[in-house]
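Undergrad: Have a peek at final-v4.pdb (PDB, C-alpha atoms).
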```
ATOM      1  CA  MET A   1       3.862 -14.292  -4.839
ATOM      2  CA  ALA A   2       4.844 -12.565  -1.636
ATOM      3  CA  ASP A   3       4.904  -8.769  -1.423
ATOM      4  CA  ARG A   4       6.696  -6.717   1.107
ATOM      5  CA  ARG A   5       5.111  -3.492   2.333
ATOM      6  CA  GLY A   6       6.922  -1.556   4.996
ATOM      7  CA  ASN A   7       7.839  -4.136   7.570
ATOM      8  CA  VAL A   8       5.151  -6.565   6.481
ATOM      9  CA  ILE A   9       5.475  -9.507   4.125
ATOM     10  CA  VAL A  10       2.128  -9.858   2.434
ATOM     11  CA  LEU A  11       1.252 -13.377   1.375
ATOM     12  CA  PRO A  12      -1.544 -13.981  -1.091
ATOM     13  CA  GLY A  13      -4.604 -14.981   0.888
ATOM     14  CA  ARG A  14      -7.940 -16.410   0.030
ATOM     15  CA  GLY A  15      -8.871 -13.338  -1.980
ATOM     16  CA  GLY A  16      -7.194 -14.857  -4.999
ATOM     17  CA  ALA A  17      -5.844 -12.992  -7.990
ATOM     18  CA  ALA A  18      -7.864  -9.832  -7.341
ATOM     19  CA  GLN A  19      -6.440  -9.558  -3.825
ATOM     20  CA  VAL A  20      -2.931 -10.140  -5.117
ATOM     21  CA  GLN A  21      -3.525  -7.395  -7.665
ATOM     22  CA  ARG A  22      -4.717  -4.990  -4.954
ATOM     23  CA  ASP A  23      -1.733  -5.805  -2.728
ATOM     24  CA  HIS A  24       0.563  -5.329  -5.660
ATOM     25  CA  LEU A  25      -0.965  -1.931  -6.415
ATOM     26  CA  GLU A  26      -0.754  -0.827  -2.796
ATOM     27  CA  ALA A  27       2.883  -1.884  -2.600
ATOM     28  CA  LEU A  28       3.682   0.078  -5.753
ATOM     29  CA  GLN A  29       1.929   3.153  -4.434
ATOM     30  CA  ALA A  30       3.865   2.929  -1.186
ATOM     31  CA  ILE A  31       7.095   2.709  -3.202
ATOM     32  CA  VAL A  32       6.162   5.715  -5.324
ATOM     33  CA  GLY A  33       5.331   7.652  -2.136
ATOM     34  CA  GLN A  34       8.658   6.744  -0.550
ATOM     35  CA  LEU A  35      10.683   7.680  -3.642
ATOM     36  CA  ASP A  36       8.696  10.913  -4.122
ATOM     37  CA  GLU A  37       9.562  11.861  -0.558
ATOM     38  CA  LEU A  38      13.251  11.220  -1.227
ATOM     39  CA  ARG A  39      13.061  13.297  -4.409
ATOM     40  CA  HIS A  40      11.364  16.107  -2.525
ATOM     41  CA  ARG A  41      14.053  16.088   0.211
ATOM     42  CA  LEU A  42      16.797  16.083  -2.377
ATOM     43  CA  GLN A  43      15.238  18.988  -4.281
ATOM     44  CA  GLU A  44      15.090  21.006  -1.062
ATOM     45  CA  PHE A  45      18.744  20.302  -0.378
ATOM     46  CA  SER A  46      20.896  22.716  -2.360
ATOM     47  CA  PRO A  47      24.315  22.979  -0.775
ATOM     48  CA  HIS A  48      26.993  25.651  -1.012
ATOM     49  CA  PRO A  49      30.704  24.910  -1.535
ATOM     50  CA  GLY A  50      31.642  27.054   1.471
ATOM     51  CA  TRP A  51      29.597  25.057   3.962
ATOM     52  CA  PRO A  52      31.478  23.662   6.952
ATOM     53  CA  ALA A  53      31.062  19.979   7.875
ATOM     54  CA  LYS A  54      28.388  20.587  10.517
ATOM     55  CA  ARG A  55      26.263  22.575   8.034
ATOM     56  CA  TRP A  56      26.368  19.596   5.692
ATOM     57  CA  MET A  57      25.399  17.301   8.562
ATOM     58  CA  ILE A  58      22.327  19.338   9.424
ATOM     59  CA  ALA A  59      21.173  20.175   5.908
ATOM     60  CA  SER A  60      21.522  16.608   4.641
ATOM     61  CA  THR A  61      19.660  15.061   7.580
ATOM     62  CA  PRO A  62      16.124  15.105   6.067
ATOM     63  CA  PHE A  63      17.536  13.395   2.973
ATOM     64  CA  ARG A  64      19.571  10.887   4.986
ATOM     65  CA  MET A  65      16.539  10.064   7.148
ATOM     66  CA  ARG A  66      14.922   8.711   3.955
ATOM     67  CA  LEU A  67      17.818   6.569   2.775
ATOM     68  CA  THR A  68      16.945   3.303   4.509
ATOM     69  CA  GLY A  69      13.363   3.370   3.278
ATOM     70  CA  SER A  70      14.365   4.402  -0.217
ATOM     71  CA  ASN A  71      16.981   1.687  -0.601
ATOM     72  CA  ARG A  72      14.423  -0.841   0.560
ATOM     73  CA  SER A  73      11.837   0.557  -1.860
ATOM     74  CA  LEU A  74      14.218   0.246  -4.801
ATOM     75  CA  GLY A  75      14.859  -3.395  -3.871
ATOM     76  CA  ASP A  76      11.128  -4.057  -3.501
ATOM     77  CA  LEU A  77      10.429  -2.400  -6.823
ATOM     78  CA  THR A  78      12.993  -4.560  -8.591
ATOM     79  CA  ARG A  79      11.365  -7.681  -7.123
ATOM     80  CA  LEU A  80       7.823  -6.560  -7.936
ATOM     81  CA  ASN A  81       8.875  -5.632 -11.439
ATOM     82  CA  ALA A  82      10.411  -9.036 -12.020
ATOM     83  CA  SER A  83       7.350 -10.871 -10.703
ATOM     84  CA  SER A  84       4.783  -8.836 -12.611
ATOM     85  CA  GLY A  85       4.771 -10.869 -15.744
ATOM     86  CA  GLN A  86       7.023 -10.700 -18.760
ATOM     87  CA  ASP A  87       4.401  -9.234 -21.073
ATOM     88  CA  ALA A  88       6.447  -6.128 -21.715
ATOM     89  CA  ILE A  89       9.992  -7.308 -21.405
ATOM     90  CA  ARG A  90      11.418  -3.979 -22.572
ATOM     91  CA  SER A  91       9.641  -2.110 -19.760
ATOM     92  CA  VAL A  92      10.911  -4.643 -17.237
ATOM     93  CA  PHE A  93      14.471  -4.004 -18.333
ATOM     94  CA  GLN A  94      13.996  -0.243 -18.426
ATOM     95  CA  LEU A  95      12.602  -0.145 -14.915
ATOM     96  CA  ASN A  96      15.371  -2.417 -13.646
ATOM     97  CA  ASP A  97      17.979  -0.183 -15.251
ATOM     98  CA  ALA A  98      16.427   2.909 -13.696
ATOM     99  CA  CYS A  99      16.374   1.239 -10.255
ATOM    100  CA  ARG A 100      20.000   0.233 -10.649
ATOM    101  CA  ALA A 101      20.975   3.765 -11.709
ATOM    102  CA  ALA A 102      19.155   5.254  -8.726
ATOM    103  CA  SER A 103      20.800   2.778  -6.309
ATOM    104  CA  GLN A 104      24.229   3.621  -7.722
ATOM    105  CA  ARG A 105      23.591   7.386  -7.396
ATOM    106  CA  LEU A 106      22.345   6.928  -3.846
ATOM    107  CA  HIS A 107      25.504   5.055  -3.015
ATOM    108  CA  ASP A 108      27.674   7.767  -4.633
ATOM    109  CA  ILE A 109      25.832  10.531  -2.784
ATOM    110  CA  GLU A 110      26.311   8.734   0.534
ATOM    111  CA  ALA A 111      30.048   8.530  -0.190
ATOM    112  CA  CYS A 112      30.225  12.273  -1.022
ATOM    113  CA  LEU A 113      28.282  13.191   2.096
ATOM    114  CA  GLY A 114      30.505  11.017   4.241
ATOM    115  CA  MET A 115      33.486  13.017   3.040
ATOM    116  CA  LEU A 116      31.847  16.455   3.244
ATOM    117  CA  GLN A 117      30.608  15.795   6.776
ATOM    118  CA  SER A 118      33.949  14.626   8.057
ATOM    119  CA  ALA A 119      36.777  16.767   9.432
ATOM    120  CA  GLU A 120      37.497  19.776   7.291
ATOM    121  CA  PRO A 121      39.258  18.773   4.041
ATOM    122  CA  PRO A 122      41.303  21.360   2.085
ATOM    123  CA  PRO A 123      39.068  23.920   0.277
ATOM    124  CA  ALA A 124      39.965  22.629  -3.189
ATOM    125  CA  GLU A 125      39.026  19.072  -2.233
ATOM    126  CA  ARG A 126      35.826  20.296  -0.625
ATOM    127  CA  ALA A 127      34.890  22.216  -3.771
ATOM    128  CA  ARG A 128      35.582  19.139  -5.920
ATOM    129  CA  GLU A 129      33.499  16.939  -3.658
ATOM    130  CA  THR A 130      30.675  19.503  -3.670
ATOM    131  CA  ASP A 131      30.687  19.477  -7.489
ATOM    132  CA  LEU A 132      30.597  15.701  -7.446
ATOM    133  CA  PHE A 133      27.698  15.799  -5.016
ATOM    134  CA  ALA A 134      25.804  18.222  -7.297
ATOM    135  CA  SER A 135      26.368  15.955 -10.271
ATOM    136  CA  ASN A 136      25.166  12.859  -8.380
ATOM    137  CA  ARG A 137      22.211  14.824  -7.042
ATOM    138  CA  SER A 138      21.124  15.692 -10.602
ATOM    139  CA  GLY A 139      21.662  12.098 -11.667
ATOM    140  CA  LEU A 140      19.581  10.743  -8.808
ATOM    141  CA  LEU A 141      16.757  13.229  -9.431
ATOM    142  CA  ALA A 142      16.725  12.182 -13.091
ATOM    143  CA  ALA A 143      16.725   8.470 -12.184
ATOM    144  CA  LEU A 144      13.864   8.949  -9.710
ATOM    145  CA  SER A 145      11.807  10.836 -12.295
ATOM    146  CA  GLU A 146      12.447   8.063 -14.796
ATOM    147  CA  ILE A 147      11.356   5.403 -12.295
ATOM    148  CA  ARG A 148       8.186   7.325 -11.643
ATOM    149  CA  ARG A 149       7.478   7.700 -15.357
ATOM    150  CA  LEU A 150       8.084   3.999 -16.004
ATOM    151  CA  ILE A 151       5.892   2.896 -13.098
ATOM    152  CA  VAL A 152       3.019   5.024 -14.384
ATOM    153  CA  GLN A 153       3.558   3.667 -17.875
ATOM    154  CA  ARG A 154       3.894   0.019 -16.840
ATOM    155  CA  PHE A 155       1.301   0.033 -14.058
ATOM    156  CA  PRO A 156      -1.380   2.549 -15.139
ATOM    157  CA  ASP A 157      -3.555   1.774 -12.110
ATOM    158  CA  VAL A 158      -0.991   3.252  -9.735
ATOM    159  CA  GLN A 159      -2.187   6.673  -8.665
ATOM    160  CA  VAL A 160       0.535   9.246  -8.290
ATOM    161  CA  GLU A 161       0.414  12.866  -7.202
ATOM    162  CA  ASN A 162       1.753  15.405  -9.659
TER     163      ASN A 162
ATOM    164  CA  MET B   1     -14.298 -14.510  24.769
ATOM    165  CA  ALA B   2     -11.802 -12.254  23.014
ATOM    166  CA  LEU B   3     -10.291 -13.573  19.825
ATOM    167  CA  ALA B   4      -6.560 -13.537  19.123
ATOM    168  CA  GLY B   5      -7.209 -11.112  16.264
ATOM    169  CA  ASP B   6      -8.944  -8.682  18.650
ATOM    170  CA  SER B   7      -5.994  -8.574  21.031
ATOM    171  CA  GLY B   8      -3.677  -8.065  18.056
ATOM    172  CA  ASN B   9      -5.770  -5.120  16.898
ATOM    173  CA  VAL B  10      -5.791  -3.633  20.390
ATOM    174  CA  ALA B  11      -2.004  -3.962  20.651
ATOM    175  CA  ALA B  12      -1.571  -2.307  17.254
ATOM    176  CA  ALA B  13      -3.903   0.517  18.279
ATOM    177  CA  ASP B  14      -1.969   1.010  21.538
ATOM    178  CA  GLN B  15       1.277   1.071  19.601
ATOM    179  CA  GLN B  16      -0.117   3.660  17.208
ATOM    180  CA  ALA B  17      -1.397   5.793  20.094
ATOM    181  CA  ALA B  18       2.009   5.633  21.803
ATOM    182  CA  ARG B  19       3.726   6.681  18.591
ATOM    183  CA  SER B  20       1.322   9.589  18.034
ATOM    184  CA  LYS B  21       1.880  10.777  21.604
ATOM    185  CA  LEU B  22       5.657  10.593  21.191
ATOM    186  CA  GLU B  23       5.535  12.434  17.864
ATOM    187  CA  ASP B  24       3.391  15.186  19.423
ATOM    188  CA  GLU B  25       5.872  15.578  22.272
ATOM    189  CA  LEU B  26       8.821  15.717  19.889
ATOM    190  CA  ARG B  27       7.106  18.370  17.802
ATOM    191  CA  GLY B  28       6.218  20.288  20.960
ATOM    192  CA  LEU B  29       9.897  20.417  21.930
ATOM    193  CA  ASP B  30      10.874  21.364  18.410
ATOM    194  CA  GLU B  31       8.437  24.289  18.563
ATOM    195  CA  ARG B  32       9.612  25.311  22.048
ATOM    196  CA  LEU B  33      13.217  25.546  20.838
ATOM    197  CA  ARG B  34      12.177  27.312  17.635
ATOM    198  CA  VAL B  35      10.303  30.014  19.565
ATOM    199  CA  MET B  36      13.335  30.550  21.817
ATOM    200  CA  LEU B  37      15.707  30.814  18.862
ATOM    201  CA  ASP B  38      13.366  33.239  17.076
ATOM    202  CA  ALA B  39      13.491  35.430  20.172
ATOM    203  CA  TYR B  40      17.312  35.257  20.261
ATOM    204  CA  GLU B  41      17.509  36.168  16.606
ATOM    205  CA  GLU B  42      15.420  39.266  17.271
ATOM    206  CA  ASN B  43      17.311  40.155  20.441
ATOM    207  CA  PRO B  44      20.310  37.971  21.355
ATOM    208  CA  SER B  45      20.370  39.230  24.949
ATOM    209  CA  ALA B  46      17.025  37.458  25.488
ATOM    210  CA  ILE B  47      19.050  34.304  26.202
ATOM    211  CA  ASP B  48      20.674  35.977  29.229
ATOM    212  CA  SER B  49      17.591  36.097  31.426
ATOM    213  CA  GLY B  50      16.979  32.386  30.946
ATOM    214  CA  LEU B  51      20.553  31.505  31.805
ATOM    215  CA  LEU B  52      20.666  33.656  34.922
ATOM    216  CA  SER B  53      17.204  32.639  36.167
ATOM    217  CA  VAL B  54      17.080  29.538  38.322
ATOM    218  CA  THR B  55      13.319  29.239  38.462
ATOM    219  CA  ASP B  56      11.709  30.062  35.129
ATOM    220  CA  ARG B  57      11.915  26.925  32.959
ATOM    221  CA  ALA B  58       9.839  28.570  30.230
ATOM    222  CA  VAL B  59      12.756  30.816  29.242
ATOM    223  CA  ASP B  60      15.522  28.399  30.190
ATOM    224  CA  VAL B  61      17.120  27.203  26.993
ATOM    225  CA  GLU B  62      19.315  24.733  28.858
ATOM    226  CA  ALA B  63      16.215  23.038  30.288
ATOM    227  CA  ALA B  64      14.747  22.849  26.782
ATOM    228  CA  ILE B  65      17.769  21.147  25.242
ATOM    229  CA  ILE B  66      18.069  18.737  28.184
ATOM    230  CA  ASP B  67      14.390  17.881  27.688
ATOM    231  CA  ALA B  68      15.126  17.213  24.003
ATOM    232  CA  TYR B  69      18.011  14.920  24.936
ATOM    233  CA  ARG B  70      15.931  13.084  27.540
ATOM    234  CA  ILE B  71      13.010  12.419  25.247
ATOM    235  CA  MET B  72      15.408  11.036  22.651
ATOM    236  CA  LYS B  73      17.184   8.860  25.181
ATOM    237  CA  THR B  74      14.240   7.584  27.181
ATOM    238  CA  ARG B  75      11.533   7.450  24.528
ATOM    239  CA  VAL B  76      12.901   7.440  20.986
ATOM    240  CA  TYR B  77      15.930   5.213  21.608
ATOM    241  CA  ALA B  78      14.301   3.182  24.383
ATOM    242  CA  GLU B  79      13.946  -0.600  24.334
ATOM    243  CA  ASP B  80      10.181  -0.212  24.113
ATOM    244  CA  SER B  81      10.206   2.732  21.706
ATOM    245  CA  PRO B  82       7.030   2.844  19.593
ATOM    246  CA  LEU B  83       9.224   3.775  16.611
ATOM    247  CA  ARG B  84      10.858   0.342  16.600
ATOM    248  CA  ALA B  85       7.782  -1.120  14.936
ATOM    249  CA  ASP B  86       8.556   0.885  11.812
ATOM    250  CA  HIS B  87      11.845  -0.487  10.536
ATOM    251  CA  ASP B  88      12.637   2.379   8.144
ATOM    252  CA  VAL B  89      11.970   5.109  10.699
ATOM    253  CA  TRP B  90      13.756   3.275  13.473
ATOM    254  CA  ALA B  91      16.850   2.658  11.312
ATOM    255  CA  ALA B  92      16.881   6.323  10.267
ATOM    256  CA  PHE B  93      16.869   7.490  13.900
ATOM    257  CA  GLU B  94      19.511   4.958  14.868
ATOM    258  CA  GLU B  95      21.829   6.180  12.118
ATOM    259  CA  GLN B  96      21.586   9.779  13.351
ATOM    260  CA  LYS B  97      22.044   9.020  17.043
ATOM    261  CA  ASP B  98      25.773   9.811  17.303
ATOM    262  CA  GLU B  99      25.445  13.053  15.370
ATOM    263  CA  PHE B 100      22.541  14.151  17.551
ATOM    264  CA  ILE B 101      24.523  13.455  20.714
ATOM    265  CA  GLY B 102      27.495  15.347  19.261
ATOM    266  CA  PHE B 103      25.370  18.434  18.603
ATOM    267  CA  TYR B 104      23.786  18.108  22.057
ATOM    268  CA  LYS B 105      27.151  17.988  23.808
ATOM    269  CA  SER B 106      28.405  21.009  21.850
ATOM    270  CA  ALA B 107      25.310  23.020  22.738
ATOM    271  CA  LEU B 108      25.439  22.048  26.401
ATOM    272  CA  THR B 109      29.140  22.913  26.637
ATOM    273  CA  ALA B 110      28.593  26.268  24.906
ATOM    274  CA  LEU B 111      25.764  27.082  27.332
ATOM    275  CA  GLU B 112      27.864  26.114  30.336
ATOM    276  CA  ILE B 113      30.749  28.318  29.231
ATOM    277  CA  TYR B 114      28.523  31.238  28.313
ATOM    278  CA  ARG B 115      26.728  31.085  31.665
ATOM    279  CA  GLU B 116      30.074  31.454  33.433
ATOM    280  CA  VAL B 117      31.125  34.310  31.144
ATOM    281  CA  LEU B 118      27.784  36.039  31.691
ATOM    282  CA  ARG B 119      27.934  35.672  35.477
ATOM    283  CA  THR B 120      31.475  36.969  35.590
ATOM    284  CA  TYR B 121      30.661  39.824  33.239
ATOM    285  CA  SER B 122      27.708  40.810  35.449
ATOM    286  CA  LEU B 123      29.965  40.778  38.528
ATOM    287  CA  VAL B 124      32.641  42.840  36.796
ATOM    288  CA  LYS B 125      30.038  45.349  35.630
ATOM    289  CA  THR B 126      28.468  45.819  39.050
ATOM    290  CA  ALA B 127      31.855  45.947  40.760
ATOM    291  CA  ALA B 128      32.983  48.919  38.652
ATOM    292  CA  GLU B 129      33.893  52.112  40.473
ATOM    293  CA  PRO B 130      31.062  54.648  40.773
ATOM    294  CA  GLN B 131      32.987  57.208  38.735
ATOM    295  CA  PRO B 132      34.402  55.798  35.485
ATOM    296  CA  GLN B 133      37.979  56.813  34.821
ATOM    297  CA  ARG B 134      39.826  57.616  31.613
ATOM    298  CA  GLY B 135      40.792  54.388  29.907
ATOM    299  CA  ASP B 136      37.800  52.495  31.318
ATOM    300  CA  LEU B 137      35.946  52.608  28.009
ATOM    301  CA  LYS B 138      38.532  50.468  26.241
ATOM    302  CA  ARG B 139      38.391  47.869  29.002
ATOM    303  CA  ILE B 140      34.579  47.900  29.057
ATOM    304  CA  GLN B 141      34.501  47.555  25.281
ATOM    305  CA  GLN B 142      36.820  44.564  25.387
ATOM    306  CA  ASP B 143      34.815  42.891  28.159
ATOM    307  CA  LYS B 144      31.600  43.455  26.263
ATOM    308  CA  GLN B 145      33.061  42.106  23.026
ATOM    309  CA  VAL B 146      34.134  38.909  24.760
ATOM    310  CA  GLN B 147      30.697  38.455  26.297
ATOM    311  CA  VAL B 148      28.837  39.179  23.021
ATOM    312  CA  ALA B 149      31.092  36.847  21.006
ATOM    313  CA  GLU B 150      30.590  34.058  23.538
ATOM    314  CA  ARG B 151      26.845  34.606  23.428
ATOM    315  CA  ALA B 152      26.799  34.449  19.615
ATOM    316  CA  GLY B 153      28.721  31.154  19.710
ATOM    317  CA  CYS B 154      26.351  29.787  22.312
ATOM    318  CA  ILE B 155      23.236  30.711  20.317
ATOM    319  CA  GLU B 156      24.804  29.187  17.198
ATOM    320  CA  ALA B 157      25.462  25.897  19.011
ATOM    321  CA  VAL B 158      21.840  25.764  20.222
ATOM    322  CA  CYS B 159      20.666  26.659  16.726
ATOM    323  CA  ASP B 160      22.711  23.777  15.273
ATOM    324  CA  LEU B 161      21.266  21.326  17.789
ATOM    325  CA  HIS B 162      17.765  22.515  16.987
ATOM    326  CA  GLY B 163      18.515  22.227  13.254
ATOM    327  CA  LYS B 164      19.600  18.619  13.720
ATOM    328  CA  PHE B 165      16.669  17.742  15.983
ATOM    329  CA  SER B 166      14.148  19.358  13.671
ATOM    330  CA  ALA B 167      15.635  17.697  10.584
ATOM    331  CA  MET B 168      15.398  14.277  12.227
ATOM    332  CA  LEU B 169      11.683  14.787  12.808
ATOM    333  CA  THR B 170      11.011  15.286   9.088
ATOM    334  CA  VAL B 171      10.864  11.513   8.639
ATOM    335  CA  LEU B 172       7.807  11.451  10.900
ATOM    336  CA  ARG B 173       5.782  13.858   8.752
TER     337      ARG B 173
END
```
Could the structure of this file be written out as C-alpha cells, please?

TA:
Amino acid sequence: MADRRGNVIVLPGRGGAAQVQRDHLEALQAIVGQLDELRHRLQEFSPHPGWPAKRWMIASTPFRMRLTGSNRSLGDLTRLNASSGQDAIRSVFQLNDACRAASQRLHDIEACLGMLQSAEPPPAERARETDLFASNRSGLLAALSEIRRLIVQRFPDVQVEN
Amino acid sequence: MALAGDSGNVAAADQQAARSKLEDELRGLDERLRVMLDAYEENPSAIDSGLLSVTDRAVDVEAAIIDAYRIMKTRVYAEDSPLRADHDVWAAFEEQKDEFIGFYKSALTALEIYREVLRTYSLVKTAAEPQPQRGDLKRIQQDKQVQVAERAGCIEAVCDLHGKFSAMLTVLR
C-alpha cells in the first residue's frame, strides 16, 4: 500500500505491517487536521447579504486558502478508506458517502463564491446566492462533522482534538 | 565522507529555515500595516503626515504596501520560493495572486490620488487671504469635505489590501 501525506508518497518500508499501520494513522491524523482547519475557517465565515463583491473576496480568503488541501485530503481519505480492509463494509460506504457529500458541497460553495465575488449582480440575485451559500455552508459543516465522527469510529487510534 | 541522506537533511533544514524566515517577514509586514490602520481608525488624519513626509518610512503607508507587494513578488511567488515545497500552500497562494494584485493596485491608486488632493488642499488652505470673507465658510466646508471623503476612500482601500494580505497568511498558521 502506498500512502500520500502532504506532498509525499509514503511507500511501505522494511518496518513491515507495524510501520504501515503507523503511516496510515499519521496520514489519517493529517487529514483530520486539514478538514478541522477547513471547518474552523468556514465557521468563522458568516456572510451578510448586503456585502459587496470585494467584501466577499476578503472574508472568504481564509476558507479558500484551505480548498486545495481539503480537496486533496478528501481524495486521500477515500483511498485510505478503501484500502483499510473490508471488515466493516458499512463503515466504508458511510465514510465514502460522507466524503462524496463534502466534495459536492465544496464544489457548490466554490460556485456560489465565484458568483458573489464577481461584478455586482442585481440585489435579488445576490440575496438568492447568499441564501444558497448559507445552505451549502451548513451542509458542508454537517458533512465534515460526519466524516470526523466516522473516522473516530472506524479508526479509534486516530487522536482528534475536541 | 558525507552521506547522501545527510545532504538531503541539510537541504530540508535550509528549506525549512528559509520558509520560517519568510513567514516571519510576512507577519512583520502584516503587523506593520495593522498598527498603521489602527492609528487611522483612531484618528484618520494620522495618514496625512506619512503621505506628506518624504523621509519617515515608519509612518509611510505607501512604503508599507509597496514592501508587501515586493515580498510577495520576489519571495512568495519567486522561482525559488520556499513555499513551493508545500504543494497545498503554494497552490493556495497561486490561486489568490490576481486578487492580491487587484487590491494592491486599488490601494496604490487611492494613495496616489489622495496625496495629490492633500497637497492641493494644503496649498489652497495656506494661500487663503489673511482675513476670511463672507461666503468663505461654504467654500472651505466643501473643500474639506472633498479632502475628508478622499481620505476615507484611501484608508478603506488600504484596509482592503491589508484584509486580503492578512487573510492569505492564515494558511501559514

Undergrad: For CA of Glu112 in chain B and CA of Leu22 in chain B, determine how far apart the two atoms are, in Å to one decimal place.

TA: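 Calculated distance between CA of Glu112 in chain B and CA of Leu22 in chain B is 28.6 Å.
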
Undergrad: Counting only C-alpha atoms, which residues of chain A sit at most 7 Å from some atom of chain B, and what is each one's closest atom pair with its distance in Å to one decimal, listed by chain and rising residue number, as JSON lines?

TA:
```
{"residue": "A:Asn7", "atom": "CA", "partner": "B:His87", "partner_atom": "CA", "distance": 6.2}
{"residue": "A:Ile58", "atom": "CA", "partner": "B:Lys164", "partner_atom": "CA", "distance": 5.1}
{"residue": "A:Thr61", "atom": "CA", "partner": "B:Ala167", "partner_atom": "CA", "distance": 5.7}
{"residue": "A:Pro62", "atom": "CA", "partner": "B:Ala167", "partner_atom": "CA", "distance": 5.2}
{"residue": "A:Met65", "atom": "CA", "partner": "B:Ala92", "partner_atom": "CA", "distance": 4.9}
{"residue": "A:Arg66", "atom": "CA", "partner": "B:Val171", "partner_atom": "CA", "distance": 6.8}
{"residue": "A:Thr68", "atom": "CA", "partner": "B:Asp88", "partner_atom": "CA", "distance": 5.7}
{"residue": "A:Gly69", "atom": "CA", "partner": "B:Asp88", "partner_atom": "CA", "distance": 5.0}
```

Undergrad: Once you have the residues from the selection above, write them out as a PDB file, keeping the file's coordinate frame, restricted to C-alpha atoms.

TA:
```
ATOM      1  CA  ASN A   7       7.839  -4.136   7.570  1.00  0.00           C
ATOM      2  CA  ILE A  58      22.327  19.338   9.424  1.00  0.00           C
ATOM      3  CA  THR A  61      19.660  15.061   7.580  1.00  0.00           C
ATOM      4  CA  PRO A  62      16.124  15.105   6.067  1.00  0.00           C
ATOM      5  CA  MET A  65      16.539  10.064   7.148  1.00  0.00           C
ATOM      6  CA  ARG A  66      14.922   8.711   3.955  1.00  0.00           C
ATOM      7  CA  THR A  68      16.945   3.303   4.509  1.00  0.00           C
ATOM      8  CA  GLY A  69      13.363   3.370   3.278  1.00  0.00           C
TER       9      GLY A  69
END
```

Undergrad: Set the distance at 9 Å and use only C-alpha atoms: which residues neighbour Asp143 in chain B once local chain neighbours fewer than 5 positions away are removed? I'd like the list as a list in words.

TA: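 Residues near the query, excluding close chain neighbours: Tyr121, Val124, Lys138 and Val148 of chain B.
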
Undergrad: Once the PyMOL selection byres ((chain A and resi 102) around 8) is applied to the coordinates I shared, what remains selected? I want it as a PDB file with C-alpha atoms, keeping the file's coordinate frame.

TA:
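Result saved to result-v3.pdb:
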```
ATOM      1  CA  ALA A  98      16.427   2.909 -13.696  1.00  0.00           C
ATOM      2  CA  CYS A  99      16.374   1.239 -10.255  1.00  0.00           C
ATOM      3  CA  ARG A 100      20.000   0.233 -10.649  1.00  0.00           C
ATOM      4  CA  ALA A 101      20.975   3.765 -11.709  1.00  0.00           C
ATOM      5  CA  SER A 103      20.800   2.778  -6.309  1.00  0.00           C
ATOM      6  CA  GLN A 104      24.229   3.621  -7.722  1.00  0.00           C
ATOM      7  CA  ARG A 105      23.591   7.386  -7.396  1.00  0.00           C
ATOM      8  CA  LEU A 106      22.345   6.928  -3.846  1.00  0.00           C
ATOM      9  CA  GLY A 139      21.662  12.098 -11.667  1.00  0.00           C
ATOM     10  CA  LEU A 140      19.581  10.743  -8.808  1.00  0.00           C
ATOM     11  CA  ALA A 143      16.725   8.470 -12.184  1.00  0.00           C
ATOM     12  CA  LEU A 144      13.864   8.949  -9.710  1.00  0.00           C
TER      13      LEU A 144
END
```

Undergrad: For a test of reading the model, state the distance in Å between CA of Leu42 in chain A and CA of Leu132 in chain A, rounded to one decimal.

TA: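 Interatomic distance here is 14.7 Å.
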
Undergrad: Of the candidates B:Val61, B:Ile155, B:Ala107, B:Val10, which shows the shortest atom-to-atom distance to Asn43 in chain B, using all atoms listed in the file?

TA: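 Of B:Val61, B:Ile155, B:Ala107, B:Val10, the one nearest Asn43 in chain B, counting all atoms listed in the file, is B:Ile155.
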
Undergrad: Applied to this file, what does the PyMOL selection byres ((chain B and resi 30) around 9) return in terms of residues, put as a PyMOL selection string?

TA: chain B and resi 25-29+31-35+68+162+165-166+169

Undergrad: Quote the spacing between CA of Gln141 in chain B and CA of Ala157 in chain B in Å to one decimal place.

TA: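 If I compute the distance from CA of Gln141 in chain B to CA of Ala157 in chain B, I get 24.3 Å.
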
Undergrad: Got a sec to resolve the PyMOL selection byres ((chain B and resi 50) around 7) on this structure and send the residues as a compact mmCIF listing (two decimals) with C-alpha atoms, in the coordinates of the input?

TA:
```
# COMPACT_ATOMS: atom_id res chain seq x y z
CA ILE B 47 19.05 34.30 26.20
CA ASP B 48 20.67 35.98 29.23
CA SER B 49 17.59 36.10 31.43
CA LEU B 51 20.55 31.50 31.80
CA LEU B 52 20.67 33.66 34.92
CA SER B 53 17.20 32.64 36.17
CA VAL B 59 12.76 30.82 29.24
CA ASP B 60 15.52 28.40 30.19
CA VAL B 61 17.12 27.20 26.99
```

Undergrad: Find the spatial neighbours of Gln117 in chain A, counting only C-alpha atoms, within a cut-off of 12 Å - ignore same-chain residues fewer than 4 positions away - and output them as a list in words.

TA: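 Surrounding residues, per the criterion: Trp51, Pro52, Ala53, Lys54, Arg55, Trp56, Met57, Ile58, Ala59, Ser60, Thr61, Ile109, Glu110, Ala111, Cys112, Leu113, Pro121, Arg126, Glu129 and Thr130 of chain A; Glu99 of chain B.
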
Undergrad: Quick one: residues within 10 Å of Gln15 in chain B, all atoms listed in the file counted, chain neighbours fewer than 5 positions away excluded, as a tab-separated table (two decimals) with C-alpha atoms, keeping the file's coordinate frame?

TA:
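Written out: part34.tsv:
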```
chain	number	residue	atom	x	y	z
B	9	ASN	CA	-5.77	-5.12	16.90
B	10	VAL	CA	-5.79	-3.63	20.39
B	20	SER	CA	1.32	9.59	18.03
B	21	LYS	CA	1.88	10.78	21.60
B	81	SER	CA	10.21	2.73	21.71
B	82	PRO	CA	7.03	2.84	19.59
B	83	LEU	CA	9.22	3.78	16.61
B	85	ALA	CA	7.78	-1.12	14.94
```

Undergrad: A:Ser46, A:Ser91, A:Ser73, A:Asn96: which is nearest Arg154 in chain A, counting all atoms listed in the file?

TA: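 Counting all atoms listed in the file, the residue closest to Arg154 in chain A is A:Ser91.
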